[in-house]
Amino acid sequence: MSEVVSSRRRFVQASGALALTALAPGVARAQPAALQLGVLTPLTGAGGFDGPRMAKAMQAVIDEVNAAGGLLGRKVVLVTEDDQTNPEAAVRAARKLIDVTKVPAIMGTWASAVTTAVAPLCWESRTFLTTVSGADSITKLPHQGYLIRTQPNNHLQAGKHAEFIASLGVKRCFMMSIQAPFAQPTQERATEVLKQKGSQMVGTLIYDKDKTTYRSEVDQALRTNPDLIYLNGYAPDVTILLRDLYRASYNGMRFAQSYAVTTKVLESLPHEVTEGVITVQPSADVTSPAYELAKKRLGVAEPDSYETQATDWASLVSLSIAKANAATGTAIRDNVRRICQGTGTKVYSAVEGLKLLAQGKDINYEGASGPCDFTDIGDITDCKFRYNKVAGGKFVLLKVA
Amino acid sequence: MTPLTEIPQLVVNGAMAGTILAVPAMGLTAIYAVLRFPNFAIASHATVGAFAGYLANVALHWPVLPSLTAAFLVAGCVGVASDEVVLKRFRPAGYITTAIASIALTIALENVIRFFFGNELRGYDLPIARDVRIGGIRVGPQQLQNLAVAVAAMAALFAFLVFTRMGKAMRAVADNPMLASIKGINADVIGRLVNFVGMGLAGLGGMLIGLDTTIDPLTGFRAILSVFAAAVVGGLGSIPGAVIGALTVGIGEELCLLFLSPDYRSAVGFVAILLVLTLRPRGILGEARA
């Protein structure tokens, strides 16, 4: 009996070996295995509008890289998973990318809750993560450098907004913020920067959401006699504030985030109420050559902030791998700042950078979303903002700066 | 903080907000008086009214006052229908079950509105007038008009309850359902009537809130806690109580700005509920048995 078993086992081993030998020439003839990079964007859920466009932008960059010979002599393949804008689904997808596909980098998390859930898996497995999530807390996680974000955080936004407000010649600014985690940090940072720029925050208040009127809050603001009121809330409450400010005959400037004064808000209010309101939103660097390249690559007239950030991740990760001459998360972490900041030659696309790196030159990648210079904790140090002004119920571009 | 010299302005602001709040609060308390359960579906009926008024005003180009009437009538009819179809079946199971069913109903109705109108903000076709100063106090013409409508609605409700046969029957059922039925008052008819009037008032209140702000499917839901606070503070079941409760909550929320940052404003309604329930459980004008 045992002999039968052992002979059967030998037969299986032998035929297995035969099969392998039969396959071997095929393996030997093939290209070196493709280099797989992870893409984890929301294709469904709240981020379902941005995610697919981000994935497309990354694919476009990788197509160019492959056309120019790939990375480390290997073809690059993006392995895309859907994070469903849901932390739980995102963790499952990230586990697959990390444990099964064994990617060195995951690019693309969108919602802050998703990034917060996925980031620990990444740094523990030494996988590099790039994200657009805006919450200040994300870069404060103990990620050991395995995370960068190209989206301006609250601190940067508040500072930039304050600089812009001061540049308008505003001497007295008042800030009304909805009760939300960002309210106080934004007020503090804006107050600090206004002071540095020779302007002044004459007062701040935090209001309760879901009120039907803010007359008393408006009175409180107007007592300080401001030239500009920064309305840092969401659409439902900012709409009421705009009405109440108009009723109170306030004629100064009003400033708000673009998500608080949307086209729908303009439709719901009489023109005289919204006339002159200035809105702000993070913007791609429309003046950068990298932006022109992204336009052509994507065939889109005006790639937005998300598409350009995705363009920059694919470029940064490719260049870091080339610089390190190794495709691991740690290699990317250790080299990303060596290709995107410093005194090297400025380059505006991955392919251009790869060429120079091959010649042994230093490079400084300047992205389509911005200069792509990072702090130690992975935040960008600078980015552009788009300022619009409302005229006759429509947005008119004021400037991108 | 707000200086003490602003007290008159705060009281005026609070009284205006309170008067608008009083309209749906009267609806809530009237339904409670007759049917003996807190009907949270008031929230979605306020939204239904706001959207009915929106259609009348924006799609049909009706002026504001006829649109307000449309808000009242449509919300009233929806109130009767939703009670017949949904809540009536729950009433024999007790008031807690019915109250929970009314929460489910309000979420369902809210989503029906969302299905047809989407989530975006909408505004009435209404010019926004600058405020005028009367004796140093700032008031808005639109708010004065809303105030007048709210006061007229209150007066009409009181007249209805005091002078009409149906109104008296309603009070009789509220006072003593058993005795009323012995006297031959049809409780079903009164139930429908109070739903029509109560939800109609909610709809009217919803549109009054919308006139001052914008509307979306959450318009009623955002106001329901203050409305409920007003009804409880005034004494659930007492219609004059609802008015006093709404004014107390409205003025209280404004006066708290003298001492507190505006982000604590909503807390005032709840502190008022706590105080009243601790010191005078039946509310300011509530009946002893409530």
# chains A, B, ... in the order shown; residues from 1 in each chain; ligands from 1

$ closest_atom_pairs --of "chain A" --to "chain B" --cutoff "6 Å" --atoms "only C-alpha atoms" --output "tab-separated table"
residue	atom	partner	partner_atom	distance
A:Ile206	CA	B:Asp263	CA	5.5
A:Tyr207	CA	B:Asp263	CA	4.3
A:Asp208	CA	B:Asp263	CA	4.2
A:Asp210	CA	B:Arg222	CA	5.5
A:Ile240	CA	B:Thr213	CA	5.3
A:Arg247	CA	B:Arg130	CA	4.1
A:Ala248	CA	B:Asp131	CA	5.8
A:Ser268	CA	B:Gly123	CA	4.4

$ residues_around --residues "Arg36 in chain B" --least-positions-apart "3" --cutoff "7 Å" --atoms "only C-alpha atoms" --output "JSON, numbers by chain"
{"B": [32, 33, 95]}

$ write_last_selection --atoms "N, CA and C atoms" --output "mmCIF file, in the first residue's frame"
data_model
loop_
_atom_site.group_PDB
_atom_site.id
_atom_site.type_symbol
_atom_site.label_atom_id
_atom_site.label_comp_id
_atom_site.auth_asym_id
_atom_site.auth_seq_id
_atom_site.Cartn_x
_atom_site.Cartn_y
_atom_site.Cartn_z
ATOM 1 N N TYR B 32 -50.849 67.029 19.927
ATOM 2 C CA TYR B 32 -50.624 66.329 21.197
ATOM 3 C C TYR B 32 -51.874 66.397 22.074
ATOM 4 N N ALA B 33 -52.517 67.574 22.102
ATOM 5 C CA ALA B 33 -53.672 67.763 22.981
ATOM 6 C C ALA B 33 -54.784 66.784 22.631
ATOM 7 N N TYR B 95 -48.513 55.512 22.978
ATOM 8 C CA TYR B 95 -47.994 56.765 22.437
ATOM 9 C C TYR B 95 -46.510 56.686 22.081
#

$ closest_residue --among "A:Gly38, A:Gly344, A:Gly159, A:Gly108" --to "Thr127 in chain A" --atoms "only C-alpha atoms"
A:Gly38

$ select_by_dssp --residues "range 52-131 of chain B" --states "helix (DSSP H, G or I)" --output "PyMOL selection string"
chain B and resi 52-59+64-93+95-117

$ write_last_selection --atoms "C-alpha atoms" --output "mmCIF file, in the first residue's frame"
data_model
loop_
_atom_site.group_PDB
_atom_site.id
_atom_site.type_symbol
_atom_site.label_atom_id
_atom_site.label_comp_id
_atom_site.auth_asym_id
_atom_site.auth_seq_id
_atom_site.Cartn_x
_atom_site.Cartn_y
_atom_site.Cartn_z
ATOM 1 C CA ALA B 52 -45.493 73.469 -1.679
ATOM 2 C CA GLY B 53 -45.076 77.205 -1.131
ATOM 3 C CA TYR B 54 -41.940 77.118 -3.264
ATOM 4 C CA LEU B 55 -43.813 75.516 -6.166
ATOM 5 C CA ALA B 56 -46.638 78.022 -5.832
ATOM 6 C CA ASN B 57 -44.247 80.962 -5.590
ATOM 7 C CA VAL B 58 -41.530 80.005 -8.064
ATOM 8 C CA ALA B 59 -43.244 77.692 -10.567
ATOM 9 C CA VAL B 64 -46.138 85.331 -1.039
ATOM 10 C CA LEU B 65 -49.466 85.374 0.796
ATOM 11 C CA PRO B 66 -51.297 82.959 -1.549
ATOM 12 C CA SER B 67 -48.165 80.790 -1.522
ATOM 13 C CA LEU B 68 -48.312 80.668 2.275
ATOM 14 C CA THR B 69 -51.936 79.543 1.987
ATOM 15 C CA ALA B 70 -50.825 76.795 -0.405
ATOM 16 C CA ALA B 71 -48.156 75.758 2.115
ATOM 17 C CA PHE B 72 -50.822 75.478 4.819
ATOM 18 C CA LEU B 73 -53.315 73.555 2.687
ATOM 19 C CA VAL B 74 -50.878 71.104 1.108
ATOM 20 C CA ALA B 75 -49.118 70.310 4.392
ATOM 21 C CA GLY B 76 -52.546 69.945 6.068
ATOM 22 C CA CYS B 77 -53.747 67.467 3.429
ATOM 23 C CA VAL B 78 -50.505 65.500 3.525
ATOM 24 C CA GLY B 79 -50.859 65.468 7.331
ATOM 25 C CA VAL B 80 -54.360 63.967 7.165
ATOM 26 C CA ALA B 81 -53.283 61.410 4.559
ATOM 27 C CA SER B 82 -50.129 60.329 6.364
ATOM 28 C CA ASP B 83 -52.061 59.969 9.604
ATOM 29 C CA GLU B 84 -54.794 57.897 7.954
ATOM 30 C CA VAL B 85 -52.333 55.649 6.158
ATOM 31 C CA VAL B 86 -49.552 55.343 8.721
ATOM 32 C CA LEU B 87 -49.885 56.743 12.212
ATOM 33 C CA LYS B 88 -53.501 55.845 12.935
ATOM 34 C CA ARG B 89 -52.632 52.152 12.858
ATOM 35 C CA PHE B 90 -49.962 52.669 15.485
ATOM 36 C CA ARG B 91 -52.086 54.584 17.981
ATOM 37 C CA PRO B 92 -53.631 51.546 19.719
ATOM 38 C CA ALA B 93 -50.049 50.340 20.434
ATOM 39 C CA TYR B 95 -47.994 56.765 22.437
ATOM 40 C CA ILE B 96 -44.320 55.760 22.465
ATOM 41 C CA THR B 97 -44.795 53.413 19.516
ATOM 42 C CA THR B 98 -46.729 56.100 17.672
ATOM 43 C CA ALA B 99 -44.075 58.719 18.410
ATOM 44 C CA ILE B 100 -41.373 56.411 17.050
ATOM 45 C CA ALA B 101 -43.511 55.689 13.990
ATOM 46 C CA SER B 102 -43.802 59.440 13.474
ATOM 47 C CA ILE B 103 -39.993 59.710 13.402
ATOM 48 C CA ALA B 104 -39.902 56.990 10.737
ATOM 49 C CA LEU B 105 -42.650 58.790 8.838
ATOM 50 C CA THR B 106 -40.769 62.063 8.925
ATOM 51 C CA ILE B 107 -37.629 60.445 7.502
ATOM 52 C CA ALA B 108 -39.688 58.768 4.768
ATOM 53 C CA LEU B 109 -41.452 61.984 3.760
ATOM 54 C CA GLU B 110 -38.199 63.899 3.801
ATOM 55 C CA ASN B 111 -36.758 61.391 1.336
ATOM 56 C CA VAL B 112 -39.790 61.620 -0.899
ATOM 57 C CA ILE B 113 -39.089 65.353 -1.146
ATOM 58 C CA ARG B 114 -35.423 64.626 -1.778
ATOM 59 C CA PHE B 115 -36.414 62.226 -4.563
ATOM 60 C CA PHE B 116 -38.306 64.934 -6.416
ATOM 61 C CA PHE B 117 -36.316 68.042 -5.582
#

$ closest_residue --among "A:Thr115, A:Thr212, A:Thr150, A:Asn232" --to "Ala89 in chain A" --atoms "only C-alpha atoms"
A:Thr115

$ atom_distance --atom1 "CA of Ile178 in chain A" --atom2 "CA of Phe49 in chain A"
26.2 Å

$ atom_distance --atom1 "CA of Ile321 in chain A" --atom2 "CA of Gln59 in chain A"
16.7 Å

$ closest_residue --among "B:Ala41, B:Leu275, B:Ala246, B:Leu35" --to "Asp188 in chain B" --atoms "only C-alpha atoms"
B:Leu35

$ closest_residue --among "A:Thr375, A:Thr204, A:Gln220, A:Ser318" --to "Glu352 in chain A" --atoms "only C-alpha atoms"
A:Ser318

$ atom_distance --atom1 "CA of Leu129 in chain A" --atom2 "CA of Ala60 in chain A"
19.3 Å

$ residues_around --residues "Lys399 in chain A" --least-positions-apart "3" --cutoff "8 Å" --atoms "only C-alpha atoms" --output "ChimeraX atom specification"
/A:386-388

$ residues_around --residues "Ser112 in chain A" --least-positions-apart "6" --cutoff "10 Å" --atoms "only C-alpha atoms" --output "PyMOL selection string"
chain A and resi 85+87+118+131-138

$ residues_around --residues "Ala235 in chain A" --least-positions-apart "5" --cutoff "8 Å" --atoms "only C-alpha atoms" --output "ChimeraX atom specification"
/A:259-262,265

$ write_last_selection --atoms "C-alpha atoms" --output "mmCIF file, in the first residue's frame"
data_model
loop_
_atom_site.group_PDB
_atom_site.id
_atom_site.type_symbol
_atom_site.label_atom_id
_atom_site.label_comp_id
_atom_site.auth_asym_id
_atom_site.auth_seq_id
_atom_site.Cartn_x
_atom_site.Cartn_y
_atom_site.Cartn_z
ATOM 1 C CA TYR A 259 -17.910 74.915 -1.364
ATOM 2 C CA ALA A 260 -19.932 77.377 0.747
ATOM 3 C CA VAL A 261 -20.891 79.670 -2.128
ATOM 4 C CA THR A 262 -21.696 77.332 -4.993
ATOM 5 C CA VAL A 265 -26.271 79.145 -3.773
#

$ decode --residues "range 76-127 of chain B" --atoms "C-alpha atoms" --output "short mmCIF file (atom, residue, chain, number, x, y, z; two decimals), in the first residue's frame"
data_model
loop_
_atom_site.label_atom_id
_atom_site.label_comp_id
_atom_site.auth_asym_id
_atom_site.auth_seq_id
_atom_site.Cartn_x
_atom_site.Cartn_y
_atom_site.Cartn_z
CA GLY B 76 -52.55 69.95 6.07
CA CYS B 77 -53.75 67.47 3.43
CA VAL B 78 -50.51 65.50 3.52
CA GLY B 79 -50.86 65.47 7.33
CA VAL B 80 -54.36 63.97 7.17
CA ALA B 81 -53.28 61.41 4.56
CA SER B 82 -50.13 60.33 6.36
CA ASP B 83 -52.06 59.97 9.60
CA GLU B 84 -54.79 57.90 7.95
CA VAL B 85 -52.33 55.65 6.16
CA VAL B 86 -49.55 55.34 8.72
CA LEU B 87 -49.89 56.74 12.21
CA LYS B 88 -53.50 55.84 12.94
CA ARG B 89 -52.63 52.15 12.86
CA PHE B 90 -49.96 52.67 15.48
CA ARG B 91 -52.09 54.58 17.98
CA PRO B 92 -53.63 51.55 19.72
CA ALA B 93 -50.05 50.34 20.43
CA GLY B 94 -49.44 53.31 22.72
CA TYR B 95 -47.99 56.76 22.44
CA ILE B 96 -44.32 55.76 22.46
CA THR B 97 -44.79 53.41 19.52
CA THR B 98 -46.73 56.10 17.67
CA ALA B 99 -44.07 58.72 18.41
CA ILE B 100 -41.37 56.41 17.05
CA ALA B 101 -43.51 55.69 13.99
CA SER B 102 -43.80 59.44 13.47
CA ILE B 103 -39.99 59.71 13.40
CA ALA B 104 -39.90 56.99 10.74
CA LEU B 105 -42.65 58.79 8.84
CA THR B 106 -40.77 62.06 8.93
CA ILE B 107 -37.63 60.44 7.50
CA ALA B 108 -39.69 58.77 4.77
CA LEU B 109 -41.45 61.98 3.76
CA GLU B 110 -38.20 63.90 3.80
CA ASN B 111 -36.76 61.39 1.34
CA VAL B 112 -39.79 61.62 -0.90
CA ILE B 113 -39.09 65.35 -1.15
CA ARG B 114 -35.42 64.63 -1.78
CA PHE B 115 -36.41 62.23 -4.56
CA PHE B 116 -38.31 64.93 -6.42
CA PHE B 117 -36.32 68.04 -5.58
CA GLY B 118 -32.80 66.81 -4.83
CA ASN B 119 -30.62 68.10 -2.04
CA GLU B 120 -29.78 71.55 -3.29
CA LEU B 121 -30.75 74.77 -1.63
CA ARG B 122 -33.63 76.70 -3.11
CA GLY B 123 -34.83 80.19 -2.46
CA TYR B 124 -38.20 81.86 -2.94
CA ASP B 125 -38.69 84.37 -5.67
CA LEU B 126 -38.62 87.27 -3.34
CA PRO B 127 -36.60 90.45 -3.24
#
